[in-house]
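Asks: I'm passing along structure.txt; it holds compact mmCIF, C-alpha atoms.
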```
# COMPACT_ATOMS: atom_id res chain seq x y z
CA MET J 1 133.19 -18.36 -45.53
CA ALA J 2 136.38 -18.21 -47.57
CA LYS J 3 139.10 -15.69 -46.81
CA THR J 4 141.72 -14.31 -49.16
CA PHE J 5 145.37 -14.34 -48.15
CA LEU J 6 145.02 -10.58 -47.46
CA TYR J 7 142.31 -11.00 -44.82
CA ASP J 8 144.61 -10.13 -41.88
CA ASP J 9 145.93 -7.09 -43.75
CA HIS J 10 142.38 -5.82 -44.26
CA VAL J 11 141.55 -6.25 -40.58
CA LYS J 12 144.72 -4.38 -39.57
CA LEU J 13 143.67 -1.50 -41.82
CA GLY J 14 140.28 -1.31 -40.10
CA ALA J 15 138.24 -2.59 -43.02
CA LYS J 16 134.57 -3.38 -42.64
CA MET J 17 134.26 -6.98 -43.82
CA VAL J 18 131.21 -8.43 -45.57
CA ASP J 19 130.16 -11.63 -47.31
CA PHE J 20 130.60 -11.39 -51.08
CA ALA J 21 130.03 -14.50 -53.21
CA GLY J 22 131.04 -16.64 -50.22
CA TRP J 23 134.18 -14.62 -49.51
CA ASP J 24 134.89 -12.45 -46.47
CA MET J 25 135.84 -9.23 -48.27
CA PRO J 26 136.45 -5.55 -47.35
CA VAL J 27 133.53 -3.35 -48.35
CA GLN J 28 135.24 -0.16 -47.17
CA TYR J 29 138.13 1.11 -45.07
CA THR J 30 137.17 4.77 -44.56
CA SER J 31 134.18 5.78 -46.66
CA ILE J 32 132.99 4.69 -50.10
CA ILE J 33 132.93 8.30 -51.32
CA GLU J 34 136.49 9.02 -50.18
CA GLU J 35 137.81 5.78 -51.63
CA HIS J 36 135.94 6.26 -54.92
CA ASN J 37 137.22 9.80 -55.45
CA ASN J 38 140.75 8.82 -54.51
CA VAL J 39 140.81 6.29 -57.35
CA ARG J 40 139.58 8.97 -59.74
CA ASN J 41 142.15 11.54 -58.54
CA ASN J 42 145.12 9.49 -57.32
CA ALA J 43 145.19 5.72 -57.01
CA GLY J 44 143.65 2.82 -55.15
CA LEU J 45 144.60 -0.76 -54.36
CA PHE J 46 141.96 -3.50 -54.44
CA ASP J 47 142.04 -7.09 -53.25
CA VAL J 48 140.44 -9.06 -56.09
CA SER J 49 141.82 -12.44 -55.04
CA HIS J 50 138.32 -13.86 -55.03
CA MET J 51 138.34 -13.80 -58.84
CA GLY J 52 139.03 -17.05 -60.65
CA GLU J 53 142.07 -17.95 -62.78
CA ILE J 54 141.65 -20.84 -65.22
CA PHE J 55 144.47 -21.81 -67.59
CA VAL J 56 143.73 -23.47 -70.93
CA TYR J 57 146.52 -25.03 -72.95
CA GLY J 58 147.13 -27.75 -75.51
CA LYS J 59 147.26 -28.11 -79.28
CA GLU J 60 143.47 -27.68 -79.61
CA ALA J 61 143.14 -24.80 -77.14
CA VAL J 62 142.03 -22.34 -79.85
CA ALA J 63 139.46 -24.70 -81.36
CA TYR J 64 138.09 -25.44 -77.90
CA LEU J 65 137.78 -21.80 -76.79
CA GLN J 66 136.18 -20.91 -80.12
CA THR J 67 133.18 -23.07 -79.16
CA LEU J 68 132.61 -21.24 -75.87
CA VAL J 69 132.56 -17.51 -76.73
CA PRO J 70 131.19 -15.23 -79.49
CA GLN J 71 134.61 -13.59 -79.83
CA ASP J 72 137.11 -14.87 -82.40
CA ILE J 73 139.95 -16.41 -80.42
CA GLU J 74 142.05 -16.86 -83.57
CA LYS J 75 142.38 -13.07 -83.81
CA ILE J 76 144.01 -12.68 -80.40
CA ILE J 77 147.74 -12.06 -80.70
CA ASP J 78 150.30 -13.03 -78.08
CA LYS J 79 150.00 -11.14 -74.76
CA LYS J 80 146.67 -9.57 -75.80
CA ALA J 81 143.54 -9.49 -73.63
CA LYS J 82 140.01 -9.92 -74.96
CA TYR J 83 136.74 -9.20 -73.16
CA CYS J 84 134.47 -12.22 -73.70
CA GLN J 85 131.31 -13.98 -72.59
CA PHE J 86 130.50 -17.64 -72.08
CA THR J 87 127.11 -18.05 -73.76
CA ASN J 88 124.54 -20.84 -73.43
CA GLU J 89 122.30 -22.42 -76.09
CA GLN J 90 119.74 -19.60 -75.69
CA GLY J 91 122.40 -16.91 -76.14
CA GLY J 92 122.33 -16.05 -72.43
CA ILE J 93 125.49 -15.11 -70.59
CA ILE J 94 126.92 -17.73 -68.22
CA ASP J 95 129.67 -15.29 -67.28
CA ASP J 96 131.68 -12.40 -68.66
CA LEU J 97 135.42 -12.72 -68.47
CA PHE J 98 138.82 -11.78 -69.86
CA ILE J 99 140.81 -14.18 -72.01
CA TYR J 100 144.54 -13.48 -72.19
CA LYS J 101 146.71 -15.17 -74.80
CA LEU J 102 149.96 -15.92 -72.97
CA LYS J 103 151.57 -17.64 -75.96
CA GLU J 104 150.60 -20.05 -78.73
CA ASN J 105 147.98 -22.52 -77.49
CA ASN J 106 148.26 -21.16 -73.94
CA TYR J 107 145.55 -18.93 -72.43
CA LEU J 108 144.56 -17.47 -69.08
CA LEU J 109 140.89 -16.87 -68.30
CA VAL J 110 139.96 -14.55 -65.42
CA VAL J 111 136.36 -15.13 -64.36
CA ASN J 112 133.97 -13.74 -61.76
CA ALA J 113 134.13 -15.14 -58.23
CA SER J 114 130.40 -15.81 -58.06
CA ARG J 115 130.56 -17.82 -61.31
CA LEU J 116 133.83 -19.72 -60.90
CA GLU J 117 132.25 -23.05 -59.99
CA ALA J 118 129.66 -22.82 -62.77
CA ASP J 119 132.27 -21.67 -65.30
CA TYR J 120 134.71 -24.46 -64.50
CA LYS J 121 131.96 -27.07 -64.67
CA TRP J 122 130.80 -25.66 -68.03
CA MET J 123 134.34 -25.65 -69.39
CA LYS J 124 135.01 -29.23 -68.29
CA GLU J 125 131.74 -30.45 -69.77
CA HIS J 126 132.65 -29.02 -73.17
CA CYS J 127 136.35 -29.94 -73.40
CA LYS J 128 135.95 -33.70 -73.78
CA ASP J 129 136.22 -33.69 -77.58
CA PHE J 130 139.41 -31.62 -77.62
CA ASP J 131 143.10 -32.24 -76.95
CA VAL J 132 143.27 -29.56 -74.28
CA VAL J 133 143.95 -29.09 -70.58
CA VAL J 134 141.63 -26.94 -68.45
CA ASP J 135 143.45 -26.13 -65.23
CA ASN J 136 141.71 -24.19 -62.45
CA LEU J 137 144.50 -22.60 -60.38
CA SER J 138 142.25 -20.12 -58.57
CA ALA J 139 143.06 -21.60 -55.14
CA ASP J 140 146.81 -21.15 -55.72
CA LEU J 141 146.83 -17.55 -56.92
CA SER J 142 145.92 -14.13 -55.57
CA MET J 143 145.23 -10.91 -57.45
CA VAL J 144 145.37 -7.23 -56.62
CA ALA J 145 144.25 -4.30 -58.78
CA LEU J 146 146.17 -1.02 -58.80
CA GLN J 147 143.93 1.60 -60.38
CA GLY J 148 143.94 5.35 -60.96
CA PRO J 149 145.81 8.11 -62.82
CA LYS J 150 148.90 7.58 -60.66
CA ALA J 151 148.93 3.79 -60.96
CA ALA J 152 151.79 3.77 -63.47
CA ASP J 153 153.92 6.00 -61.22
CA ILE J 154 153.36 3.65 -58.31
CA LEU J 155 154.12 0.50 -60.27
CA GLU J 156 157.38 2.09 -61.37
CA LYS J 157 158.24 2.79 -57.72
CA VAL J 158 157.52 -0.84 -56.90
CA GLY J 159 160.14 -1.87 -59.42
CA LEU J 160 158.82 -1.99 -63.00
CA SER J 161 159.90 0.96 -65.15
CA LYS J 162 157.23 2.65 -67.24
CA GLU J 163 158.86 1.68 -70.54
CA ASP J 164 158.40 -1.94 -69.51
CA HIS J 165 154.71 -1.61 -68.55
CA PRO J 166 152.22 -3.56 -70.68
CA ARG J 167 150.01 -1.55 -73.01
CA THR J 168 146.30 -1.25 -72.31
CA MET J 169 144.56 -4.63 -72.77
CA TYR J 170 147.84 -6.56 -72.76
CA ILE J 171 149.44 -8.92 -70.25
CA MET J 172 153.04 -9.75 -69.42
CA GLN J 173 155.10 -11.75 -66.97
CA ALA J 174 157.51 -9.73 -64.86
CA PRO J 175 159.18 -9.96 -61.46
CA LEU J 176 157.90 -7.84 -58.59
CA ILE J 177 159.25 -8.10 -55.02
CA GLY J 178 161.56 -10.82 -56.32
CA VAL J 179 158.88 -13.20 -57.63
CA GLN J 180 157.36 -13.75 -61.06
CA THR J 181 153.91 -12.24 -61.59
CA TYR J 182 151.37 -11.73 -64.34
CA ILE J 183 150.67 -8.03 -64.89
CA SER J 184 147.82 -6.92 -67.14
CA ARG J 185 146.80 -3.38 -67.98
CA THR J 186 143.12 -3.94 -67.33
CA GLY J 187 140.63 -3.04 -64.63
CA TYR J 188 137.06 -2.36 -63.59
CA THR J 189 137.10 1.33 -62.72
CA GLY J 190 137.31 3.27 -65.99
CA GLU J 191 140.78 4.44 -64.97
CA ASP J 192 144.22 3.42 -66.13
CA GLY J 193 145.62 0.65 -64.02
CA PHE J 194 146.96 -2.85 -63.58
CA GLU J 195 145.81 -6.22 -62.31
CA ILE J 196 148.60 -8.30 -60.80
CA ILE J 197 148.42 -12.06 -60.25
CA ILE J 198 150.87 -13.54 -57.77
CA GLU J 199 151.31 -16.69 -55.70
CA ASN J 200 149.32 -16.69 -52.47
CA ASN J 201 152.22 -16.62 -50.02
CA LYS J 202 153.65 -13.45 -51.58
CA VAL J 203 150.51 -11.36 -51.98
CA SER J 204 150.68 -9.79 -48.51
CA GLU J 205 154.21 -8.57 -49.16
CA LEU J 206 153.17 -7.19 -52.55
CA TRP J 207 150.07 -5.50 -51.06
CA ASN J 208 152.05 -3.76 -48.34
CA THR J 209 154.88 -2.81 -50.68
CA ILE J 210 152.47 -1.13 -53.09
CA LEU J 211 150.75 0.76 -50.25
CA GLU J 212 154.12 1.90 -48.85
CA LYS J 213 155.61 2.93 -52.21
CA GLY J 214 152.35 4.59 -53.18
CA LYS J 215 152.09 6.87 -50.16
CA GLU J 216 153.70 9.83 -51.94
CA PHE J 217 151.09 9.46 -54.68
CA GLY J 218 148.14 9.41 -52.29
CA ILE J 219 147.25 5.74 -52.64
CA LEU J 220 144.50 4.22 -50.48
CA PRO J 221 143.23 0.66 -50.04
CA ILE J 222 139.80 0.40 -51.67
CA GLY J 223 136.87 -1.84 -50.76
CA LEU J 224 134.12 -3.49 -52.76
CA GLY J 225 131.74 -0.60 -52.13
CA ALA J 226 133.82 1.85 -54.15
CA ARG J 227 134.62 -0.85 -56.69
CA ASP J 228 130.91 -1.05 -57.43
CA THR J 229 130.32 2.71 -57.64
CA LEU J 230 133.44 3.11 -59.82
CA ARG J 231 132.28 0.45 -62.29
CA LEU J 232 128.74 1.87 -62.41
CA GLU J 233 130.00 5.42 -62.90
CA SER J 234 131.97 3.94 -65.81
CA ALA J 235 128.81 2.15 -67.07
CA MET J 236 130.42 -1.29 -66.76
CA SER J 237 128.08 -4.23 -66.37
CA LEU J 238 128.07 -6.50 -63.32
CA TYR J 239 127.16 -10.16 -63.45
CA GLY J 240 123.93 -10.79 -61.55
CA HIS J 241 122.72 -7.26 -62.30
CA GLU J 242 123.11 -6.34 -65.98
CA LEU J 243 124.23 -9.82 -67.05
CA ASN J 244 122.79 -13.28 -66.40
CA GLU J 245 121.92 -16.57 -68.08
CA THR J 246 118.72 -15.17 -69.60
CA THR J 247 120.34 -12.02 -71.02
CA SER J 248 122.27 -12.01 -74.29
CA PRO J 249 125.25 -9.79 -75.19
CA VAL J 250 123.05 -8.04 -77.76
CA GLU J 251 120.40 -7.15 -75.14
CA ALA J 252 123.16 -6.04 -72.77
CA THR J 253 124.47 -3.67 -75.50
CA ILE J 254 127.90 -5.29 -75.47
CA ALA J 255 127.55 -6.51 -79.04
CA TRP J 256 130.64 -4.39 -79.77
CA SER J 257 132.62 -7.21 -78.16
CA ILE J 258 131.27 -9.84 -80.59
CA ASP J 259 133.22 -10.65 -83.74
CA LYS J 260 130.42 -10.41 -86.31
CA ASP J 261 132.48 -12.16 -89.01
CA LYS J 262 133.49 -15.13 -86.86
CA THR J 263 132.97 -18.24 -88.97
CA ALA J 264 133.60 -20.83 -86.26
CA ASP J 265 130.53 -22.17 -84.51
CA TYR J 266 129.96 -21.42 -80.84
CA ILE J 267 127.26 -22.21 -78.28
CA GLY J 268 124.31 -19.86 -78.81
CA LYS J 269 125.56 -18.55 -82.16
CA ASN J 270 122.26 -19.00 -84.03
CA VAL J 271 120.32 -17.01 -81.40
CA ILE J 272 122.90 -14.23 -81.19
CA GLN J 273 123.25 -13.91 -84.97
CA LYS J 274 119.47 -13.69 -85.28
CA GLN J 275 119.35 -10.96 -82.64
CA LEU J 276 122.11 -9.02 -84.41
CA ALA J 277 120.13 -9.20 -87.65
CA GLU J 278 116.59 -8.70 -86.39
CA GLY J 279 116.99 -6.79 -83.12
CA VAL J 280 115.83 -7.61 -79.59
CA GLU J 281 112.77 -6.87 -77.47
CA ARG J 282 114.70 -5.13 -74.70
CA LYS J 283 117.99 -3.35 -74.30
CA LEU J 284 120.18 -1.88 -71.58
CA ILE J 285 120.09 1.90 -71.14
CA ALA J 286 121.84 4.42 -68.92
CA PHE J 287 120.05 7.22 -67.11
CA LYS J 288 120.49 10.10 -64.69
CA MET J 289 117.88 11.08 -62.14
CA ILE J 290 116.22 14.46 -62.62
CA ASP J 291 114.18 14.34 -59.43
CA ARG J 292 115.75 13.68 -56.05
CA GLY J 293 115.85 9.92 -55.63
CA ILE J 294 118.19 6.96 -55.93
CA ALA J 295 117.30 4.14 -58.31
CA ARG J 296 118.08 0.69 -56.94
CA HIS J 297 118.32 -2.83 -58.34
CA GLU J 298 114.95 -4.14 -59.62
CA TYR J 299 113.05 -0.85 -59.22
CA PRO J 300 110.46 -0.60 -62.06
CA ILE J 301 110.97 1.79 -64.97
CA TYR J 302 107.91 3.59 -66.37
CA LEU J 303 107.00 5.60 -69.44
CA ASN J 304 103.68 7.47 -69.49
CA ASP J 305 102.34 5.40 -66.56
CA GLU J 306 103.25 2.11 -68.29
CA GLU J 307 105.86 -0.19 -66.78
CA ILE J 308 108.46 -0.78 -69.49
CA GLY J 309 111.44 -2.25 -67.69
CA TYR J 310 113.50 -2.38 -64.54
CA VAL J 311 116.64 -0.95 -62.98
CA THR J 312 119.66 -3.24 -62.83
CA SER J 313 122.03 -0.93 -60.90
CA GLY J 314 121.81 2.53 -59.40
CA CYS J 315 123.74 4.72 -56.99
CA VAL J 316 124.94 8.18 -56.12
CA ALA J 317 127.95 8.66 -58.38
CA PRO J 318 130.53 10.21 -56.03
CA PHE J 319 132.75 11.80 -58.67
CA LEU J 320 129.87 13.12 -60.77
CA GLY J 321 127.75 14.14 -57.80
CA GLU J 322 124.63 12.83 -59.58
CA ASN J 323 122.29 9.89 -59.14
CA ILE J 324 122.76 7.46 -62.02
CA GLY J 325 121.65 4.01 -63.09
CA LEU J 326 121.41 1.28 -65.69
CA GLY J 327 118.33 -0.70 -66.62
CA TYR J 328 116.48 -2.71 -69.25
CA VAL J 329 113.60 -1.21 -71.25
CA LYS J 330 111.39 -2.42 -74.10
CA THR J 331 112.83 -1.53 -77.49
CA ASN J 332 109.40 -1.01 -79.06
CA LYS J 333 109.13 2.28 -77.16
CA ASN J 334 111.90 3.66 -79.41
CA LEU J 335 113.50 5.51 -76.54
CA LYS J 336 116.54 7.64 -77.26
CA ILE J 337 119.05 9.79 -75.43
CA ASP J 338 117.48 12.80 -73.64
CA ASP J 339 114.06 11.13 -73.40
CA THR J 340 112.40 11.27 -69.99
CA ILE J 341 111.43 8.12 -68.11
CA GLN J 342 110.27 7.50 -64.54
CA ILE J 343 111.65 5.27 -61.80
CA MET J 344 109.27 3.86 -59.20
CA ILE J 345 110.87 4.55 -55.82
CA ARG J 346 108.83 3.59 -52.73
CA ASN J 347 105.53 3.70 -54.67
CA LYS J 348 106.21 7.12 -56.18
CA LEU J 349 107.42 7.97 -59.69
CA TYR J 350 110.60 10.04 -60.05
CA ASN J 351 111.76 11.54 -63.33
CA ALA J 352 115.01 10.49 -64.98
CA VAL J 353 116.61 11.20 -68.36
CA ILE J 354 118.19 8.66 -70.68
CA THR J 355 121.87 9.39 -71.31
CA SER J 356 124.75 7.84 -73.20
CA LYS J 357 126.80 5.35 -71.24
CA ASN J 358 129.63 7.86 -71.09
CA PHE J 359 128.87 9.07 -67.57
CA ILE J 360 132.55 9.96 -67.24
CA GLN J 361 135.55 10.18 -69.55
CA LYS J 362 137.24 6.80 -69.37
CA HIS J 363 141.00 6.57 -69.18
CA ASN J 364 141.35 2.85 -69.90
CA LYS J 365 140.77 2.92 -73.65
CA ASN J 366 142.03 -0.02 -75.70
CA ASN J 367 145.08 0.53 -77.88
```
With the file now loaded, output its structure as structure tokens.

Replies:
Amino acid sequence: MAKTFLYDDHVKLGAKMVDFAGWDMPVQYTSIIEEHNNVRNNAGLFDVSHMGEIFVYGKEAVAYLQTLVPQDIEKIIDKKAKYCQFTNEQGGIIDDLFIYKLKENNYLLVVNASRLEADYKWMKEHCKDFDVVVDNLSADLSMVALQGPKAADILEKVGLSKEDHPRTMYIMQAPLIGVQTYISRTGYTGEDGFEIIIENNKVSELWNTILEKGKEFGILPIGLGARDTLRLESAMSLYGHELNETTSPVEATIAWSIDKDKTADYIGKNVIQKQLAEGVERKLIAFKMIDRGIARHEYPIYLNDEEIGYVTSGCVAPFLGENIGLGYVKTNKNLKIDDTIQIMIRNKLYNAVITSKNFIQKHNKNN
């Protein structure tokens, strides 16, 4: 099992370690509820070094990336981040990722740990006709995420003044603890925050510096358990749950991220354009439990005693104090917000109500 360069730091902090996508990662340090609420109220620091970093550069970098994603790469300005998906010929999602334009013909792609090998293979298979370099530097780099309403205060204490912070959905290079880093104002919690990429041999020093400087702001180290409840409470999709190779961006209700007027061809374009025009047979919904019960991954969803879909993610939302979930349902049922559905939990049906995906007010809006 792989270990990040922060493994010893996690053990010293008393973290409970678990296997995640082949990595030995901290699931929690104290409790998931405490860590979750601390990110909502103060700030938290996450080890996300298991994520992949792939650099794409060369004079045909734009033309190459245009073939891989439904988003229009030509529209991305310098230092801007774009949420994207790699799609296959059937319109399914190979992975969801962020593409950062560092400068002209030079891009950074941050991909999911569980999909890194598949992503890199896919990218190499499709770059042969282009004058481009695809460089997987994931093994050389580490990443931490500083998230929460006090994240900006803490980053300033670490050495980067607020007037120099990147705007939301932007990236910059800046020195921290005496070494050059990439700092993006992105995250996976619904809160304001930063993701910082740094060379492996400096990440422990950065981790401990942030925790020390952040003490006065109530910072805590945060494990994968709270990372999952935070993203679900923010209605953010997770690969392997809401997203997979047989699910399209339209079905996953992330069509907002697709550039509808993109003229360049991309893998799966015909399928996705047809779905945008004609609709799909299923779609992702959000719901809250009415009855006492917790919806879990793959639990069936019912309407009037008919199975109409399945749960993709569900949990007790610590900040809301409610049981929430996401799931796919048939579109021919014409379900809408405030309609009642049922979740099959241990062979018994429990009532739930369809809601908007705004479980909480998000503080990481694009600008």

Asks: How far is it from atom CA of Lys79 of chain J to atom CA of Ser184 of chain J, in Å with one decimal?

Replies: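 Computed distance, atom CA of Lys79 of chain J to atom CA of Ser184 of chain J, equals 9.0 Å.
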
Asks: Report, in Å to a single decimal, how far apart atom CA of Asn200 of chain J and atom CA of Tyr120 of chain J are.

Replies: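 Going from atom CA of Tyr120 of chain J over to atom CA of Asn200 of chain J, I get 20.5 Å.
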
Asks: Find the residue from J:Arg296, J:Leu232, J:Gln273, J:Val132 that sits nearest to Arg346 of chain J; use only C-alpha atoms when measuring.

Replies: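 When distances to Arg346 of chain J are compared using only C-alpha atoms, the smallest one comes from J:Arg296.
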
Asks: Per residue of segment 133-218 of chain J within 10 Å of segment 103-109 of chain J, which atom pair is closest and at what distance in Å (one decimal), using all atoms listed in the file, listed by chain and increasing number, as a Markdown table?

Replies:
```
| residue | atom | partner | partner_atom | distance |
| --- | --- | --- | --- | --- |
| J:Val133 | CA | J:Asn106 | CA | 9.6 |
| J:Val134 | CA | J:Tyr107 | CA | 9.8 |
| J:Asp135 | CA | J:Leu108 | CA | 9.5 |
| J:Asn136 | CA | J:Leu109 | CA | 9.4 |
| J:Ile171 | CA | J:Leu108 | CA | 9.9 |
```

Asks: Smallest atom-to-atom distance to Gly225 of chain J: which of J:Gly327, J:Gly279, J:Pro318, J:Gly148, using all atoms listed in the file?

Replies: J:Pro318

Asks: Contacts of Gln173 of chain J at 7 Å or less, counting all atoms listed in the file, minus same-chain residues fewer than 5 places along, as a count of residues only?

Replies: 4

Asks: Could you give me, as an MDAnalysis selection string, the residues within 10 Å of segment 201-206 of chain J, counting all atoms listed in the file and dropping anything in the same chain fewer than 4 positions from it?

Replies: chainID J and resid 4:9 47 49 140:144 158 176:179 196:197 210:212

Asks: Select, from J:Lys162, J:Glu245, J:Met172, J:Gly44, the residue with the minimum atom-to-atom distance to Asp119 of chain J, counting all atoms listed in the file.

Replies: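 Smallest separation from Asp119 of chain J among the options: J:Glu245.
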
Asks: Quote the spacing between atom CA of Leu326 of chain J and atom CA of Thr312 of chain J in Å to one decimal place.

Replies: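 Taking atom CA of Leu326 of chain J as the start and atom CA of Thr312 of chain J as the end point, the length is 5.6 Å.
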
Asks: Can you pull out the residues contacting Gly92 of chain J? Cut-off 10 Å, using all atoms listed in the file, and skip same-chain residues under 2 positions away; I want them as a list of chain:residue names.

Replies: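 Once the adjacent positions are removed, what remains is J:Gln85, J:Phe86, J:Thr87, J:Asn88, J:Glu89, J:Gln90, J:Ile94, J:Asp95, J:Leu243, J:Asn244, J:Glu245, J:Thr246, J:Thr247, J:Ser248, J:Pro249, J:Val250, J:Glu251, J:Ile267, J:Gly268, J:Val271, J:Ile272.
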
Asks: What would segment 232-247 of chain J look like with N, CA, C and O atoms restored, written as a PDB file, keeping the file's coordinate frame?

Replies:
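Heads up, here's the output in out_32.pdb:
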```
ATOM      1  N   LEU J 232     130.024   1.352 -61.931  1.00  0.00           N
ATOM      2  CA  LEU J 232     128.740   1.870 -62.410  1.00  0.00           C
ATOM      3  C   LEU J 232     128.910   3.267 -62.993  1.00  0.00           C
ATOM      4  O   LEU J 232     128.312   3.586 -64.033  1.00  0.00           O
ATOM      5  N   GLU J 233     129.724   4.086 -62.366  1.00  0.00           N
ATOM      6  CA  GLU J 233     130.000   5.420 -62.900  1.00  0.00           C
ATOM      7  C   GLU J 233     130.687   5.327 -64.260  1.00  0.00           C
ATOM      8  O   GLU J 233     130.610   6.242 -65.078  1.00  0.00           O
ATOM      9  N   SER J 234     131.345   4.193 -64.518  1.00  0.00           N
ATOM     10  CA  SER J 234     131.970   3.940 -65.810  1.00  0.00           C
ATOM     11  C   SER J 234     131.074   3.127 -66.732  1.00  0.00           C
ATOM     12  O   SER J 234     131.500   2.717 -67.815  1.00  0.00           O
ATOM     13  N   ALA J 235     129.815   2.880 -66.286  1.00  0.00           N
ATOM     14  CA  ALA J 235     128.810   2.150 -67.070  1.00  0.00           C
ATOM     15  C   ALA J 235     129.293   0.761 -67.461  1.00  0.00           C
ATOM     16  O   ALA J 235     129.045   0.291 -68.576  1.00  0.00           O
ATOM     17  N   MET J 236     129.969   0.084 -66.530  1.00  0.00           N
ATOM     18  CA  MET J 236     130.420  -1.290 -66.760  1.00  0.00           C
ATOM     19  C   MET J 236     129.430  -2.252 -66.117  1.00  0.00           C
ATOM     20  O   MET J 236     129.008  -2.044 -64.976  1.00  0.00           O
ATOM     21  N   SER J 237     129.079  -3.290 -66.850  1.00  0.00           N
ATOM     22  CA  SER J 237     128.080  -4.230 -66.370  1.00  0.00           C
ATOM     23  C   SER J 237     128.631  -5.146 -65.283  1.00  0.00           C
ATOM     24  O   SER J 237     129.819  -5.459 -65.258  1.00  0.00           O
ATOM     25  N   LEU J 238     127.726  -5.592 -64.418  1.00  0.00           N
ATOM     26  CA  LEU J 238     128.070  -6.500 -63.320  1.00  0.00           C
ATOM     27  C   LEU J 238     127.237  -7.758 -63.445  1.00  0.00           C
ATOM     28  O   LEU J 238     126.016  -7.697 -63.602  1.00  0.00           O
ATOM     29  N   TYR J 239     127.899  -8.912 -63.364  1.00  0.00           N
ATOM     30  CA  TYR J 239     127.160 -10.160 -63.450  1.00  0.00           C
ATOM     31  C   TYR J 239     126.200 -10.286 -62.266  1.00  0.00           C
ATOM     32  O   TYR J 239     126.549  -9.998 -61.129  1.00  0.00           O
ATOM     33  N   GLY J 240     124.974 -10.715 -62.560  1.00  0.00           N
ATOM     34  CA  GLY J 240     123.930 -10.790 -61.550  1.00  0.00           C
ATOM     35  C   GLY J 240     123.071  -9.543 -61.508  1.00  0.00           C
ATOM     36  O   GLY J 240     122.007  -9.529 -60.884  1.00  0.00           O
ATOM     37  N   HIS J 241     123.506  -8.492 -62.183  1.00  0.00           N
ATOM     38  CA  HIS J 241     122.720  -7.260 -62.300  1.00  0.00           C
ATOM     39  C   HIS J 241     122.380  -7.020 -63.775  1.00  0.00           C
ATOM     40  O   HIS J 241     121.260  -7.262 -64.194  1.00  0.00           O
ATOM     41  N   GLU J 242     123.364  -6.569 -64.552  1.00  0.00           N
ATOM     42  CA  GLU J 242     123.110  -6.340 -65.980  1.00  0.00           C
ATOM     43  C   GLU J 242     123.208  -7.629 -66.794  1.00  0.00           C
ATOM     44  O   GLU J 242     122.621  -7.717 -67.882  1.00  0.00           O
ATOM     45  N   LEU J 243     123.952  -8.598 -66.297  1.00  0.00           N
ATOM     46  CA  LEU J 243     124.230  -9.820 -67.050  1.00  0.00           C
ATOM     47  C   LEU J 243     123.757 -11.044 -66.280  1.00  0.00           C
ATOM     48  O   LEU J 243     123.933 -11.129 -65.067  1.00  0.00           O
ATOM     49  N   ASN J 244     123.169 -12.007 -66.999  1.00  0.00           N
ATOM     50  CA  ASN J 244     122.790 -13.280 -66.400  1.00  0.00           C
ATOM     51  C   ASN J 244     122.511 -14.289 -67.503  1.00  0.00           C
ATOM     52  O   ASN J 244     122.663 -13.988 -68.695  1.00  0.00           O
ATOM     53  N   GLU J 245     122.078 -15.486 -67.118  1.00  0.00           N
ATOM     54  CA  GLU J 245     121.920 -16.570 -68.080  1.00  0.00           C
ATOM     55  C   GLU J 245     120.717 -16.398 -69.001  1.00  0.00           C
ATOM     56  O   GLU J 245     120.571 -17.140 -69.977  1.00  0.00           O
ATOM     57  N   THR J 246     119.862 -15.417 -68.724  1.00  0.00           N
ATOM     58  CA  THR J 246     118.720 -15.170 -69.600  1.00  0.00           C
ATOM     59  C   THR J 246     118.879 -13.863 -70.390  1.00  0.00           C
ATOM     60  O   THR J 246     117.947 -13.419 -71.058  1.00  0.00           O
ATOM     61  N   THR J 247     120.060 -13.279 -70.316  1.00  0.00           N
ATOM     62  CA  THR J 247     120.340 -12.020 -71.020  1.00  0.00           C
ATOM     63  C   THR J 247     121.457 -12.254 -72.025  1.00  0.00           C
ATOM     64  O   THR J 247     122.496 -12.827 -71.688  1.00  0.00           O
TER      65      THR J 247
END
```
